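S.K.: Pasting in a structure now, in structure tokens, and then I'll have a few things to ask.
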Amino acid sequence: MLFAHDTECALVAAAALVNTAGPDREGLPDVAALDRFFTAYGWSGRHEHTDAELRQVRALRPRLRRIWDADTDEVVEIVNALLRESRALPQLIRHDDEPYHLHAVPRDAPLATRMAVEAAMALADLVRMNELSRLRHCDHPDCDDVLVDLSKNRSRRFCDGGCGNRAAVSAYRARRAASHS
């Protein structure tokens with residue numbers, strides 16, 4: 001593990017949230033999809049299951065996406081704004097059989113607020129450790145997803161959407177075609 005467990009979880013969840021929005025897709029089309037996202041990424045605490053909550057979570061995505069293209073100073077501005085707007089007050093807590101970890105807003109804060117603050121806290125760790133280069137865009141030419149490279153050797157190039165497999169198949173087919181010509 002490169003970072004604290006809660007930092008890694010928050011970074012992965014933030015990238016996944018960003019990737020639910022794309023030019024040709026809506027990964028959170030309805031409250032049921034948000035429910036699945038909530039469960040898949042281990043969120044706890046308040047979850048209202050409403051269209052208003054869904055709109056708030058969707059509104060967070062472009063702010064987080066900017067981070068993947070920003071320089072350090074802009075990332076710091078975004079992180080500080082998210083923390084300030086949420087009135088974050090970091091505290092160590094323990095719940096759901098998890099070890100102590102940081103929460104900076106109460107568990108009954110709105111879901112979008114908790115998502116914003118957890119992402120901001122995790123990104124603050126990346127800034128402090130000079131590790132923002134771990135925030136990347138998928139290398140597949142047909143993909144606009146983002147990723148967090150948590151590998152020790154900083155070698156991750158593709159998102160979780162199957163792009164690595166598609167790139168490998170394309171490379172194999174190109175090699176095979178070249179050997180038959």
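Following the order of the structure tokens, chains are lettered A, B, ..., residues in each are numbered from 1, and ligands are numbered from 1.
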What's the 7 Å shell around range 146-162 of chain A, counting only C-alpha atoms, without same-chain residues fewer than 2 positions away, as a PyMOL selection string?
M.R.: chain A and resi 2+11-12+15+19+134-140+144+164-166
S.K.: Hey, what's within 10 Å of Pro106 in chain A if we count only C-alpha atoms and toss same-chain stuff fewer than 5 positions away? As a list of chain:residue names, please?
M.R.: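 Those residues are A:Gly45, A:Arg46, A:Ala88, A:Leu89, A:Pro90, A:Gln91, A:Thr113, A:Arg114.
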S.K.: Compile the contact shell of Trp43 in chain A as a count of residues only: residues with an atom at most 9 Å away, counting only C-alpha atoms, same-chain residues fewer than 6 positions apart removed.
M.R.: 3
S.K.: CA of Arg107 in chain A to CA of Ala70 in chain A: how many Å, to one decimal?
M.R.: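 Value for the CA of Arg107 in chain A-CA of Ala70 in chain A distance: 29.4 Å.
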S.K.: Closest to Leu64 in chain A among A:Ser86, A:Ser44, A:Thr39, A:Thr20, using only C-alpha atoms?
M.R.: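 Of A:Ser86, A:Ser44, A:Thr39, A:Thr20, the one nearest Leu64 in chain A is A:Thr20, counting only C-alpha atoms.
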S.K.: Identify all residues of range 11-111 of chain A in helix (DSSP H, G or I) (DSSP on the backbone) and supply them as a PyMOL selection string.
M.R.: chain A and resi 11-18+31-40+51-67+72-85+111
S.K.: If I take CA of Met129 in chain A and CA of Ala13 in chain A, how far is one from the other in Å, to one decimal?
M.R.: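 The value is 19.6 Å.
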S.K.: With distances taken over only C-alpha atoms, which residue among A:Val18, A:Ala33, A:Val117, A:Ala124 lies nearest Arg65 in chain A?
M.R.: A:Val18
S.K.: Excluding Arg63 in chain A and its own-chain neighbours fewer than 2 positions away, which residues fall within 12 Å of it when counting only C-alpha atoms? Please give them as a PyMOL selection string.
M.R.: chain A and resi 14-15+17-18+21+56-61+65-70+74-75+77-79+81-82+112+115-116+119-120
S.K.: Name the residues of chain A that come out as strand (DSSP E) in a backbone DSSP run; write them as number ranges by chain.
M.R.: A: 21-22, 25-26, 91-93, 101-103, 135-137, 146-148
